[in-house]
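First up is the structure itself, then whatever we jot down about it.
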There are 2 protein chains.
Amino acid sequence: MIKILIIGAGRSATSLIEYMLTNSLIYDWKITVADVDQQVAEGKIRGHVNGSAVSFDIANEDKRRSIIREHDFVISMLPAFMHGDVARDCVEFGKHMATASYVSDDMKSLHALAKAKGILLLNECGLDPGIDHASGMKIIDEIKDKGGEVISFKSFCGGLVAPESNDNPWGYKFSWNPRNVVLAGQGTAQYLQDGLMKFIPYNRLFTQIDKIEIEPYGKFDAYANRDSISYIDPYGIYSIHTMLRGTLRQEGYCKAWNVFIKLGLTDDTSKITHAGELTYTSLVDSFLPNTKQSVKEKLKHLMKEEWDDEIEHMMEYLELFSDKKIPLKQGSPAQLLQALLEEKWKLQSNDKDLIVMQHQFEYRLPSKTKIQKLNSSLGVTGKDQHHTAMALTVGLPLAITVKNYLTKKFNSTGVVIPIEKEIYTPLLKELEEHNIIFKDKIIT
Amino acid sequence: MIKILIIGAGRSATSLIEYMLTNSLIYDWKITVADVDQQVAEGKIRGHVNGSAVSFDIANEDKRRSIIREHDFVISMLPAFMHGDVARDCVEFGKHMATASYVSDDMKSLHALAKAKGILLLNECGLDPGIDHASGMKIIDEIKDKGGEVISFKSFCGGLVAPESNDNPWGYKFSWNPRNVVLAGQGTAQYLQDGLMKFIPYNRLFTQIDKIEIEPYGKFDAYANRDSISYIDPYGIYSIHTMLRGTLRQEGYCKAWNVFIKLGLTDDTSKITHAGELTYTSLVDSFLPNTKQSVKEKLKHLMKEEWDDEIEHMMEYLELFSDKKIPLKQGSPAQLLQALLEEKWKLQSNDKDLIVMQHQFEYRLPSKTKIQKLNSSLGVTGKDQHHTAMALTVGLPLAITVKNYLTKKFNSTGVVIPIEKEIYTPLLKELEEHNIIFKDKIIT
């Protein structure tokens, strides 16, 4: 009997835990679900014969180490910055580990030791990063197998609200960490275009966007992710001229979000100590000059030609001009904005979310003079507030790949991401059984 | 014999060390100067009978503690973030301490314990913060003593290059930490205007400026400091409607610096790993779209009506369009920009720097119906590259106030800044002897 520990039982772990419990009956696994809130963990187990729930505090070192010691495989759904301690314990005690998060420097530093001890540290095995790696590498390897060269690879992904549940002009509801959405893009985005390195600073990120179409969902805005360059090496696509990874939002979202950036509402480094006395309208006013105009007029004047009726409608939907009270006593501008958006963009109980992804390839084949173009697209709609497309597409790749490892479909060690054929082939095959299917389209 | 330890012997400590050594002969002090580089410390002592030099590494806890233990009073000229360890040691061993830096949360947390042990933790006793507090409070107290009320207090300060040494169109050379100049203003500036809290985000900070005139030096741009609000309480000016602290630059500097912000060159959170292959022109180009225009044309297009001939001249002075190589292998955009500016804005051996400060007061007196206006201005010109106005105006207030404490002119304990009458009165009087003299002007 293999003992598996899943740490973190929040909404994003629903599909993962269900899959692991179901498969525990076939493969004789014992599953422990650990969460700061033991009741949350029990709610996910629901009395399953192979499941048990424990309370878990990452900061309680003794308890953390003793729980990890009792298991054979640890799946961490904790926030990314918390993986380090768990990973160190795992390597020390000779336990395998898996996460859906980006490989941190902390994680990277454990690679050699994990490899020497025959330990797997699987990372970036969720949606994005995760499914993007697997599905992108499948196409890259197919092109390479034909003797071809990838010239351009743009890859976009977004977690949005399904059209049938979209009752707000932003086309967005939170299916994932709201804080990450509010702070998205801070820093400098780096990508490769026509052989040249390109940078976009935060103050221009939401204005220099791509327009992407994914059938049958329609058109989307895409803003560049912070780092598109560092995957050229692991993907092995040294022939590449253009490499861009981006995040998708409903068309029109980016130009409206740019208002928050220019206004200053996404700054997280300064504290407003008297927020409890303010309304959102007076908060916006505080960022604008003292003139006799209305707050809306002043904001229009600030944005000049970057303002339009659609943006105005989106801002009015958020009650930005109607003296709505701020619910926090103090906080950074970003925290005050987040509190408003969490109310306005809440996924309601019957709401369905939507995951969209699109890879755009340009490549050269030895047999053809013309550059080939291929788009590969994915759309997944959630069931409800709890069984979201986000939880499904983040949790399933992780669960399936852990199962494939435990059933010896591959046997890598050290820090691994799902870009190897023996990992992504059975993963993509099983995802199709769950209706997570890419549709390829040759562009002519 | 009182034993005084001065930690940090860089350029900004020159005047401080000279003053302390000179006064050591009168008051029978022993002065130890500690620096990471013992030769730098020895260069400042120059064989003085009461001086000795030691090498000092803040991270070497045992040595740090044993040196502090041997002294009665510690003056720290270290970067602000390093004061915490020294302050904790001082309070533990019952030693007094003084810095020119802002009171950190670390420092604040030691207040009660220091007070209980009768220890002085003097802070913000340099130029800005320092002379601004002392000279501002003198006028505030005079207004209060007449039964008056301060309505508006704007205070500006800048460390620039003296007109006679100004051979570059930016009117700026480094007399202080270049990194702080490049990163200045990141976050959100907060101030009070006509009774309303106002915020300015970084992306608009250098466009929403004040124009200030200081005779005989001319006109200056002023951008708002991050925090103007928190001094209302220590200054005790609760009647205030407008409170703004700002930084002065030569007229035209701010609109040109805004180009760097919009371009993205002041970001310090992202790393460009292949900088060694780039020129500054190609770096700028990387932040601009791939079109067939020249880099300069593209930049003009980005800035639109925010570009003019003066800015173009300033950018050309920095060789931004002439394929100048980047001297670093990698770094954040801000680090790459800093490397260029350190070359172009270097204070040469015979260059003189200039300190300018201006307080603008509006106040009501019980005897008069009209609002009174008073400007109080300071200008200090340095002697040369080593004896800068910056080192003089940062070091002297600290040295004088330490002397005044040791000679029992005041006897405060705990965390103290120079806003008390018994501290600022003898301080301002002695500064006048060193030709650091404010000129007051009633505005009618």
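Chain labels A, B, ... are given in the sequence in which chains occur in the structure tokens; within each chain residues are numbered consecutively from 1, and ligands are likewise numbered from 1 in the order shown.
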Which residues of stretch 112-215 of chain B come within 6 Å of stretch 74-97 of chain B, and what is each one's closest atom pair and distance in Å (one decimal), counting only C-alpha atoms, sorted by chain and residue number, as CSV?
residue,atom,partner,partner_atom,distance
B:Ala114,CA,B:Val91,CA,5.8
B:Ile119,CA,B:His96,CA,5.3
B:Leu120,CA,B:His96,CA,4.9
B:Leu121,CA,B:Met97,CA,5.0
Please, could you write that set of residues out with all heavy atoms as an mmCIF file, in the first residue's frame?
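Wrote it out as part01.cif, contents follow:
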data_model
loop_
_atom_site.group_PDB
_atom_site.id
_atom_site.type_symbol
_atom_site.label_atom_id
_atom_site.label_comp_id
_atom_site.auth_asym_id
_atom_site.auth_seq_id
_atom_site.Cartn_x
_atom_site.Cartn_y
_atom_site.Cartn_z
ATOM 1 N N ALA B 114 14.558 51.383 25.111
ATOM 2 C CA ALA B 114 15.635 52.384 25.180
ATOM 3 C C ALA B 114 15.294 53.441 26.223
ATOM 4 O O ALA B 114 16.141 53.841 27.025
ATOM 5 C CB ALA B 114 15.830 53.028 23.805
ATOM 6 N N ILE B 119 18.493 55.302 27.335
ATOM 7 C CA ILE B 119 19.351 55.341 26.142
ATOM 8 C C ILE B 119 18.756 56.280 25.093
ATOM 9 O O ILE B 119 17.560 56.258 24.841
ATOM 10 C CB ILE B 119 19.444 53.922 25.528
ATOM 11 C CG1 ILE B 119 20.000 52.923 26.531
ATOM 12 C CG2 ILE B 119 20.274 53.934 24.235
ATOM 13 C CD1 ILE B 119 21.352 53.291 27.039
ATOM 14 N N LEU B 120 19.610 57.074 24.439
ATOM 15 C CA LEU B 120 19.174 57.923 23.332
ATOM 16 C C LEU B 120 19.324 57.176 22.004
ATOM 17 O O LEU B 120 20.392 56.611 21.726
ATOM 18 C CB LEU B 120 20.032 59.202 23.281
ATOM 19 C CG LEU B 120 19.801 60.110 22.058
ATOM 20 C CD1 LEU B 120 18.435 60.791 22.118
ATOM 21 C CD2 LEU B 120 20.918 61.156 21.937
ATOM 22 N N LEU B 121 18.264 57.163 21.189
ATOM 23 C CA LEU B 121 18.351 56.667 19.810
ATOM 24 C C LEU B 121 17.972 57.833 18.898
ATOM 25 O O LEU B 121 16.812 57.996 18.503
ATOM 26 C CB LEU B 121 17.404 55.475 19.593
ATOM 27 C CG LEU B 121 17.685 54.199 20.400
ATOM 28 C CD1 LEU B 121 16.582 53.161 20.165
ATOM 29 C CD2 LEU B 121 19.053 53.607 20.054
#
Give me, as CSV, the closest atom pair and its distance (Å, one decimal) for every residue of chain B within a cut-off of 6 Å of chain A, counting only C-alpha atoms, rows sorted by chain and rising number.
residue,atom,partner,partner_atom,distance
B:Gly187,CA,A:Thr269,CA,5.6
B:Thr188,CA,A:Ser270,CA,5.9
B:Met197,CA,A:Ser286,CA,5.9
B:Lys198,CA,A:Ser286,CA,4.4
B:Phe199,CA,A:Phe287,CA,4.7
B:Ile200,CA,A:Phe287,CA,5.8
B:Pro201,CA,A:Gly264,CA,4.7
B:Gly264,CA,A:Pro201,CA,4.7
B:Thr269,CA,A:Gly187,CA,5.6
B:Ser270,CA,A:Thr188,CA,5.9
B:Ser286,CA,A:Lys198,CA,4.4
B:Phe287,CA,A:Phe199,CA,4.7
Write a file of the just-selected residues containing N, CA and C atoms, as a PDB file, in the first residue's frame.
ATOM      1  N   GLY B 187       6.322  53.353  -5.877  1.00  0.00           N
ATOM      2  CA  GLY B 187       5.250  53.248  -4.883  1.00  0.00           C
ATOM      3  C   GLY B 187       4.219  54.344  -5.137  1.00  0.00           C
ATOM      4  N   THR B 188       3.593  54.811  -4.096  1.00  0.00           N
ATOM      5  CA  THR B 188       2.560  55.842  -4.217  1.00  0.00           C
ATOM      6  C   THR B 188       2.905  56.998  -3.283  1.00  0.00           C
ATOM      7  N   MET B 197      -6.826  64.136   1.240  1.00  0.00           N
ATOM      8  CA  MET B 197      -5.697  63.241   0.999  1.00  0.00           C
ATOM      9  C   MET B 197      -5.528  63.069  -0.500  1.00  0.00           C
ATOM     10  N   LYS B 198      -4.288  63.213  -0.969  1.00  0.00           N
ATOM     11  CA  LYS B 198      -4.013  63.006  -2.391  1.00  0.00           C
ATOM     12  C   LYS B 198      -2.916  61.958  -2.567  1.00  0.00           C
ATOM     13  N   PHE B 199      -3.072  61.169  -3.632  1.00  0.00           N
ATOM     14  CA  PHE B 199      -2.086  60.141  -3.960  1.00  0.00           C
ATOM     15  C   PHE B 199      -1.586  60.359  -5.381  1.00  0.00           C
ATOM     16  N   ILE B 200      -0.311  60.103  -5.607  1.00  0.00           N
ATOM     17  CA  ILE B 200       0.220  60.090  -6.982  1.00  0.00           C
ATOM     18  C   ILE B 200       0.970  58.779  -7.193  1.00  0.00           C
ATOM     19  N   PRO B 201       0.550  57.965  -8.195  1.00  0.00           N
ATOM     20  CA  PRO B 201       1.291  56.735  -8.462  1.00  0.00           C
ATOM     21  C   PRO B 201       2.591  57.056  -9.196  1.00  0.00           C
ATOM     22  N   GLY B 264      10.401  52.102 -19.264  1.00  0.00           N
ATOM     23  CA  GLY B 264      10.538  50.904 -18.427  1.00  0.00           C
ATOM     24  C   GLY B 264      11.926  50.750 -17.844  1.00  0.00           C
ATOM     25  N   THR B 269      12.853  45.063 -10.684  1.00  0.00           N
ATOM     26  CA  THR B 269      12.347  43.755 -10.249  1.00  0.00           C
ATOM     27  C   THR B 269      12.580  42.656 -11.277  1.00  0.00           C
ATOM     28  N   SER B 270      13.065  43.008 -12.456  1.00  0.00           N
ATOM     29  CA  SER B 270      13.276  42.003 -13.506  1.00  0.00           C
ATOM     30  C   SER B 270      14.747  42.005 -13.917  1.00  0.00           C
ATOM     31  N   SER B 286      14.666  47.601 -27.387  1.00  0.00           N
ATOM     32  CA  SER B 286      13.969  46.415 -26.879  1.00  0.00           C
ATOM     33  C   SER B 286      12.666  46.773 -26.176  1.00  0.00           C
ATOM     34  N   PHE B 287      12.595  47.995 -25.683  1.00  0.00           N
ATOM     35  CA  PHE B 287      11.377  48.446 -24.999  1.00  0.00           C
ATOM     36  C   PHE B 287      10.387  49.099 -25.964  1.00  0.00           C
TER      37      PHE B 287
END
| message | Neighbouring residues of A:Phe438 were defined as those with any atom within 7 Å, considering only C-alpha atoms; residues of the same chain fewer than 2 positions away were excluded. Please report them as a PyMOL selection string. | response | chain A and resi 376-378+436+440
Q. Could you pull out all residues of stretch 11-205 of chain A with a DSSP call of strand (DSSP E) and give them as an MDAnalysis selection string?
A. chainID A and resid 29:35 51:55 73:76 96:99 120:122 149:161 188:193 196:201
Next on the checklist: Considering only helix (DSSP H, G or I) as DSSP defines it on the backbone, what residues of stretch 151-382 of chain B qualify? List them as number ranges by chain.
Outcome noted: B: 163-165, 178-183, 202-205, 232-235, 253-263, 275-277, 280-286, 295-306, 309-317, 333-344
Test item: residues at most 10 Å from stretch 217-219 of chain A, only C-alpha atoms, excluding those fewer than 6 positions along its chain, as a PyMOL selection string: chain A and resi 162-163+211+248-252+354+356+379
Selection from above, N, CA and C atoms, as a compact mmCIF listing (two decimals), in the first residue's frame, can you write it?
# COMPACT_ATOMS: atom_id res chain seq x y z
N ALA A 162 -17.58 31.38 -17.99
CA ALA A 162 -18.22 30.85 -19.19
C ALA A 162 -19.26 31.84 -19.71
N PRO A 163 -19.44 31.91 -21.04
CA PRO A 163 -20.39 32.88 -21.61
C PRO A 163 -21.77 32.79 -20.94
N LYS A 211 -4.62 40.50 -30.09
CA LYS A 211 -6.02 40.08 -30.19
C LYS A 211 -6.04 38.64 -30.69
N LEU A 248 -4.92 35.47 -21.32
CA LEU A 248 -6.12 35.87 -22.04
C LEU A 248 -7.16 36.49 -21.11
N ARG A 249 -7.78 37.56 -21.58
CA ARG A 249 -8.93 38.17 -20.92
C ARG A 249 -9.97 38.48 -21.98
N GLN A 250 -11.22 38.65 -21.56
CA GLN A 250 -12.25 39.01 -22.52
C GLN A 250 -11.85 40.29 -23.24
N GLU A 251 -12.24 40.40 -24.52
CA GLU A 251 -11.93 41.59 -25.29
C GLU A 251 -12.44 42.85 -24.56
N GLY A 252 -11.59 43.83 -24.41
CA GLY A 252 -11.98 45.08 -23.74
C GLY A 252 -11.49 45.16 -22.29
N LEU A 354 -14.60 29.16 -17.30
CA LEU A 354 -14.12 28.73 -18.62
C LEU A 354 -12.61 28.84 -18.66
N VAL A 356 -9.55 28.76 -21.41
CA VAL A 356 -9.19 28.76 -22.83
C VAL A 356 -7.68 28.78 -22.96
N GLY A 379 -10.74 24.53 -25.00
CA GLY A 379 -11.73 25.23 -24.17
C GLY A 379 -12.34 24.22 -23.21
Checklist line | Nearest to B:Ser15, chosen from B:Lys344, B:Lys44, B:His133, B:His301, with only C-alpha atoms counted in the distances | finding: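 The closest residue to B:Ser15 is B:Lys44.
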Give me, as a PyMOL selection string, all polymer residues having an atom no more than 7 Å from B:Val103, counting only C-alpha atoms and skipping those fewer than 5 positions away in the same chain.
chain B and resi 108+123-124
Would you mind listing what lies within 9 Å of B:Thr32 as a CSV table (one decimal) with C-alpha atoms, in the first residue's frame, with only C-alpha atoms counted and same-chain residues fewer than 4 positions away left out?
chain,number,residue,atom,x,y,z
B,3,LYS,CA,34.5,56.7,23.6
B,4,ILE,CA,32.6,57.4,20.3
B,5,LEU,CA,32.3,54.8,17.5
B,6,ILE,CA,31.5,56.0,14.0
B,7,ILE,CA,30.5,53.2,11.7
B,41,ALA,CA,38.7,54.7,7.7
B,45,ILE,CA,41.4,59.8,10.6
B,50,ASN,CA,42.3,61.0,19.3
B,51,GLY,CA,41.4,58.8,16.3
B,52,SER,CA,41.8,55.2,15.4
B,53,ALA,CA,40.6,53.1,12.5
B,54,VAL,CA,39.2,49.5,12.6
B,71,HIS,CA,32.2,52.4,23.3
Here atom CA of B:Lys298 and atom CA of B:Phe321 stand apart by 11.4 Å
* d(atom CA of A:Phe73, atom CA of A:Ala134) in Å ->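 Atom-to-atom, atom CA of A:Phe73 to atom CA of A:Ala134, that is 22.1 Å.
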| Shell around stretch 140-155 of chain B at 7 Å using only C-alpha atoms, local window under 6 positions removed, as a ChimeraX atom specification | /B:237,239-246,358-366
Grab the residues selected above and save them as a compact mmCIF listing (two decimals), in the first residue's frame with all heavy atoms.
# COMPACT_ATOMS: atom_id res chain seq x y z
N ILE B 237 0.88 69.87 14.02
CA ILE B 237 0.19 70.92 13.24
C ILE B 237 -1.15 70.37 12.74
O ILE B 237 -1.36 70.18 11.55
CB ILE B 237 1.06 71.44 12.08
CG1 ILE B 237 1.82 70.29 11.37
CG2 ILE B 237 2.07 72.46 12.58
CD1 ILE B 237 2.62 70.72 10.15
N SER B 239 -3.97 71.73 12.60
CA SER B 239 -4.79 72.71 11.88
C SER B 239 -4.50 72.70 10.38
O SER B 239 -5.14 73.41 9.61
CB SER B 239 -4.48 74.10 12.43
OG SER B 239 -3.06 74.34 12.36
N ILE B 240 -3.56 71.87 9.97
CA ILE B 240 -3.02 71.98 8.61
C ILE B 240 -4.02 71.51 7.54
O ILE B 240 -4.74 70.54 7.74
CB ILE B 240 -1.70 71.17 8.52
CG1 ILE B 240 -0.84 71.66 7.35
CG2 ILE B 240 -1.96 69.68 8.40
CD1 ILE B 240 0.41 72.31 7.80
N HIS B 241 -4.09 72.24 6.42
CA HIS B 241 -4.93 71.85 5.28
C HIS B 241 -4.09 71.26 4.14
O HIS B 241 -4.60 70.46 3.37
CB HIS B 241 -5.70 73.06 4.74
CG HIS B 241 -6.73 73.58 5.68
ND1 HIS B 241 -7.67 74.53 5.32
CD2 HIS B 241 -7.00 73.29 6.97
CE1 HIS B 241 -8.44 74.80 6.35
NE2 HIS B 241 -8.07 74.07 7.37
N THR B 242 -2.87 71.75 4.04
CA THR B 242 -2.00 71.30 2.95
C THR B 242 -0.63 70.95 3.53
O THR B 242 -0.04 71.76 4.24
CB THR B 242 -1.85 72.42 1.88
OG1 THR B 242 -3.12 72.64 1.28
CG2 THR B 242 -0.85 72.02 0.81
N MET B 243 -0.16 69.75 3.23
CA MET B 243 1.15 69.32 3.74
C MET B 243 1.82 68.49 2.66
O MET B 243 1.31 67.44 2.26
CB MET B 243 0.93 68.48 4.99
CG MET B 243 2.19 67.84 5.55
SD MET B 243 2.89 68.86 6.88
CE MET B 243 4.32 67.88 7.33
N LEU B 244 2.94 68.99 2.17
CA LEU B 244 3.63 68.32 1.06
C LEU B 244 5.12 68.41 1.28
O LEU B 244 5.65 69.47 1.59
CB LEU B 244 3.26 69.01 -0.27
CG LEU B 244 4.02 68.51 -1.50
CD1 LEU B 244 3.58 67.10 -1.88
CD2 LEU B 244 3.81 69.43 -2.69
N ARG B 245 5.81 67.29 1.14
CA ARG B 245 7.27 67.27 1.11
C ARG B 245 7.69 66.80 -0.29
O ARG B 245 7.11 65.86 -0.82
CB ARG B 245 7.80 66.31 2.18
CG ARG B 245 7.54 66.82 3.62
CD ARG B 245 7.66 65.72 4.65
NE ARG B 245 9.00 65.16 4.74
CZ ARG B 245 9.99 65.65 5.49
NH1 ARG B 245 9.78 66.73 6.23
NH2 ARG B 245 11.17 65.08 5.52
N GLY B 246 8.67 67.49 -0.84
CA GLY B 246 9.04 67.16 -2.21
C GLY B 246 10.53 67.21 -2.43
O GLY B 246 11.28 67.71 -1.60
N GLN B 358 13.71 74.61 0.58
CA GLN B 358 12.77 75.71 0.79
C GLN B 358 11.54 75.22 1.54
O GLN B 358 10.94 74.21 1.17
CB GLN B 358 12.34 76.36 -0.53
CG GLN B 358 11.43 77.57 -0.34
CD GLN B 358 11.13 78.30 -1.63
OE1 GLN B 358 10.28 77.88 -2.41
NE2 GLN B 358 11.83 79.39 -1.88
N HIS B 359 11.18 75.94 2.61
CA HIS B 359 9.90 75.73 3.30
C HIS B 359 8.94 76.82 2.85
O HIS B 359 9.32 77.99 2.82
CB HIS B 359 10.07 75.86 4.83
CG HIS B 359 11.06 74.93 5.43
ND1 HIS B 359 11.04 73.57 5.24
CD2 HIS B 359 12.10 75.17 6.27
CE1 HIS B 359 12.03 73.02 5.92
NE2 HIS B 359 12.70 73.96 6.55
N GLN B 360 7.71 76.44 2.53
CA GLN B 360 6.68 77.44 2.20
C GLN B 360 5.56 77.31 3.23
O GLN B 360 4.88 76.26 3.27
CB GLN B 360 6.14 77.19 0.79
CG GLN B 360 7.22 77.30 -0.29
CD GLN B 360 6.70 77.00 -1.69
OE1 GLN B 360 5.59 76.47 -1.86
NE2 GLN B 360 7.49 77.35 -2.70
N PHE B 361 5.37 78.36 4.02
CA PHE B 361 4.33 78.33 5.06
C PHE B 361 3.17 79.26 4.72
O PHE B 361 3.37 80.35 4.20
CB PHE B 361 4.92 78.80 6.40
CG PHE B 361 5.77 77.78 7.08
CD1 PHE B 361 7.16 77.83 7.00
CD2 PHE B 361 5.18 76.75 7.82
CE1 PHE B 361 7.94 76.88 7.63
CE2 PHE B 361 5.98 75.81 8.46
CZ PHE B 361 7.35 75.87 8.35
N GLU B 362 1.96 78.81 5.05
CA GLU B 362 0.81 79.71 5.12
C GLU B 362 0.23 79.54 6.51
O GLU B 362 0.06 78.40 6.97
CB GLU B 362 -0.23 79.36 4.06
CG GLU B 362 0.28 79.64 2.65
CD GLU B 362 -0.76 79.34 1.56
OE1 GLU B 362 -1.97 79.28 1.91
OE2 GLU B 362 -0.36 79.15 0.42
N TYR B 363 -0.07 80.66 7.17
CA TYR B 363 -0.55 80.55 8.55
C TYR B 363 -1.45 81.75 8.89
O TYR B 363 -1.45 82.76 8.21
CB TYR B 363 0.62 80.46 9.53
CG TYR B 363 1.62 81.58 9.45
CD1 TYR B 363 1.59 82.64 10.36
CD2 TYR B 363 2.59 81.60 8.44
CE1 TYR B 363 2.51 83.67 10.29
CE2 TYR B 363 3.51 82.63 8.37
CZ TYR B 363 3.46 83.67 9.28
OH TYR B 363 4.37 84.69 9.21
N ARG B 364 -2.21 81.57 9.93
CA ARG B 364 -3.14 82.59 10.40
C ARG B 364 -2.68 83.05 11.77
O ARG B 364 -2.35 82.23 12.62
CB ARG B 364 -4.53 81.96 10.54
CG ARG B 364 -5.64 82.75 9.93
CD ARG B 364 -6.98 82.10 10.23
NE ARG B 364 -7.30 81.00 9.33
CZ ARG B 364 -7.85 81.18 8.12
NH1 ARG B 364 -8.14 82.37 7.68
NH2 ARG B 364 -8.12 80.12 7.36
N LEU B 365 -2.64 84.38 11.97
CA LEU B 365 -2.32 84.93 13.29
C LEU B 365 -3.60 85.51 13.90
O LEU B 365 -4.44 86.04 13.17
CB LEU B 365 -1.26 86.03 13.17
CG LEU B 365 0.15 85.58 12.78
CD1 LEU B 365 1.10 86.77 12.74
CD2 LEU B 365 0.68 84.52 13.73
N PRO B 366 -3.77 85.44 15.23
CA PRO B 366 -5.01 85.92 15.84
C PRO B 366 -5.23 87.41 15.60
O PRO B 366 -6.37 87.86 15.51
CB PRO B 366 -4.82 85.61 17.33
CG PRO B 366 -3.38 85.32 17.53
CD PRO B 366 -2.84 84.87 16.23
- Select, from B:Ala391, B:Ala256, B:Val181, B:Leu406, the residue with the minimum atom-to-atom distance to B:Asp28, counting only C-alpha atoms.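 Among the listed residues, the smallest separation from B:Asp28 belongs to B:Leu406.
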Students should find that atom CA of A:Val380 and atom CA of A:Leu337 are spaced 28.6 Å
